file final16.txt (compact mmCIF, C-alpha atoms)
# COMPACT_ATOMS: atom_id res chain seq x y z
CA MET D 1 -32.89 22.07 -3.94
CA LYS D 2 -29.48 21.29 -5.47
CA ALA D 3 -28.86 18.72 -2.76
CA ILE D 4 -32.10 16.91 -3.59
CA VAL D 5 -31.25 16.78 -7.29
CA LEU D 6 -27.73 15.56 -6.51
CA LEU D 7 -29.08 12.89 -4.17
CA ALA D 8 -31.60 11.74 -6.78
CA CYS D 9 -28.84 11.44 -9.41
CA ALA D 10 -26.62 9.49 -7.02
CA LEU D 11 -29.43 7.09 -6.18
CA ALA D 12 -30.25 6.63 -9.87
CA LEU D 13 -26.64 5.80 -10.76
CA ALA D 14 -25.92 3.54 -7.76
CA PRO D 15 -27.12 0.29 -9.42
CA LEU D 16 -24.72 0.90 -12.30
CA ALA D 17 -21.77 0.92 -9.92
CA SER D 18 -22.36 -2.66 -8.79
CA ALA D 19 -21.90 -4.42 -12.12
CA GLN D 20 -21.71 -8.21 -12.49
CA MET D 21 -18.13 -9.49 -12.77
CA TYR D 22 -16.93 -12.73 -14.35
CA LYS D 23 -13.67 -14.62 -13.92
CA TYR D 24 -12.44 -17.31 -16.29
CA VAL D 25 -9.26 -18.86 -17.67
CA ASP D 26 -8.75 -18.42 -21.39
CA LYS D 27 -7.22 -20.98 -23.76
CA ASN D 28 -3.73 -19.54 -23.14
CA GLY D 29 -4.06 -20.18 -19.42
CA LYS D 30 -4.46 -16.55 -18.41
CA THR D 31 -7.03 -15.56 -15.80
CA VAL D 32 -9.43 -12.96 -17.21
CA TYR D 33 -11.72 -10.64 -15.23
CA THR D 34 -14.51 -9.02 -17.19
CA ASP D 35 -18.02 -7.62 -16.89
CA GLN D 36 -19.30 -9.76 -19.79
CA PRO D 37 -19.64 -13.55 -19.70
CA PRO D 38 -17.15 -15.39 -21.89
CA PRO D 39 -18.57 -16.91 -25.07
CA ASP D 40 -17.42 -20.53 -24.77
CA SER D 41 -16.19 -21.15 -21.26
CA ASP D 42 -17.60 -21.80 -17.80
CA PRO D 43 -17.42 -18.44 -16.00
CA GLN D 44 -17.36 -17.92 -12.28
CA SER D 45 -19.63 -15.11 -11.26
CA MET D 46 -18.01 -12.77 -8.75
CA ARG D 47 -19.74 -10.51 -6.29
CA VAL D 48 -17.97 -7.16 -6.15
CA PRO D 49 -18.97 -4.96 -3.22
CA SER D 50 -19.94 -1.44 -4.14
CA SER D 51 -17.18 -0.06 -1.92
CA ALA D 52 -14.61 -1.79 -4.18
CA VAL D 53 -15.81 0.08 -7.25
CA GLY D 54 -13.71 3.13 -7.92
CA SER D 55 -10.28 4.05 -6.67
CA SER D 56 -10.59 3.17 -3.00
CA PRO D 57 -8.16 0.43 -2.03
CA ALA D 58 -9.35 -2.77 -0.41
CA PRO D 59 -8.87 -2.83 3.33
CA GLY D 60 -5.72 -4.65 4.29
CA LYS D 61 -4.35 -4.75 7.76
CA SER D 62 -6.11 -3.40 10.80
CA TYR D 63 -4.99 -0.16 12.36
CA VAL D 64 -3.53 -2.06 15.31
CA GLN D 65 -1.37 -4.16 12.97
CA GLN D 66 -0.31 -1.08 11.03
CA ASP D 67 0.59 0.68 14.29
CA LYS D 68 2.69 -2.29 15.46
CA GLU D 69 4.55 -2.38 12.15
CA LEU D 70 5.13 1.37 12.33
CA GLN D 71 6.51 1.05 15.85
CA LYS D 72 8.86 -1.75 14.73
CA ALA D 73 10.06 0.41 11.83
CA ARG D 74 10.73 3.31 14.22
CA GLU D 75 12.72 1.05 16.56
CA LYS D 76 14.70 -0.32 13.64
CA ALA D 77 15.45 3.22 12.45
CA LYS D 78 16.65 4.18 15.94
CA GLU D 79 18.95 1.15 15.97
CA GLY D 80 20.28 2.16 12.57
CA ASP D 81 20.90 5.72 13.78
CA LYS D 82 22.70 4.38 16.85
CA LYS D 83 24.93 2.12 14.73
CA ALA D 84 25.68 5.01 12.36
CA GLU D 85 26.68 7.22 15.30
CA GLU D 86 28.97 4.49 16.67
CA THR D 87 30.58 4.06 13.25
CA ALA D 88 31.10 7.81 12.95
CA ASN D 89 32.70 7.98 16.40
CA ARG D 90 35.07 5.13 15.50
CA ALA D 91 35.97 6.89 12.26
CA ARG D 92 36.68 10.14 14.14
CA ALA D 93 38.87 8.28 16.63
CA ASP D 94 40.77 6.55 13.81
CA LEU D 95 41.25 9.86 12.00
CA GLU D 96 42.45 11.51 15.20
CA THR D 97 44.95 8.69 15.70
CA TRP D 98 46.10 8.96 12.11
CA LEU D 99 46.52 12.75 12.40
CA GLY D 100 48.69 12.31 15.48
CA GLY D 101 46.35 13.42 18.26
CA VAL D 102 44.74 16.41 16.56
CA ALA D 103 41.11 16.61 17.67
CA VAL D 104 38.58 16.32 14.90
CA ARG D 105 35.47 18.46 15.14
CA VAL D 106 32.37 18.06 13.04
CA ALA D 107 30.45 21.22 12.23
call {"tool": "encode", "arguments": {"input": "final16.txt", "output": "structure tokens"}}
result
Amino acid sequence: MKAIVLLACALALAPLASAQMYKYVDKNGKTVYTDQPPPDSDPQSMRVPSSAVGSSPAPGKSYVQQDKELQKAREKAKEGDKKAEETANRARADLETWLGGVAVRVA
């Protein structure tokens, strides 16, 4: 019974979520987005999909593109780790030379 009432309320409020949007440039040159038509300018009516209403972000890149970028970032991080290890080894060797042959251990 609660589910039916909840569904009825959701269906009753759904048309309110898809409000008419207007876009115009004001006299200061700023672009304005509003749900009311401007008083003395030529507005452009915008169609806003109901999925865009609320806090859900607009879809950007596909999952394949996101995966490729993630893989590139991982490879770049591995390269950075490798360079850091090489730099650390050179620093240990330089320190060992400076200390006169005493081996340097890192805990």
call {"tool": "atom_distance", "arguments": {"input": "final16.txt", "atom1": "atom CA of Asp94 of chain D", "atom2": "atom CA of Asp81 of chain D"}}
result
19.9 Å
call {"tool": "atom_distance", "arguments": {"input": "final16.txt", "atom1": "atom CA of Tyr63 of chain D", "atom2": "atom CA of Gly80 of chain D"}}
result
25.4 Å
call {"tool": "atom_distance", "arguments": {"input": "final16.txt", "atom1": "atom CA of Glu85 of chain D", "atom2": "atom CA of Arg105 of chain D"}}
result
14.3 Å
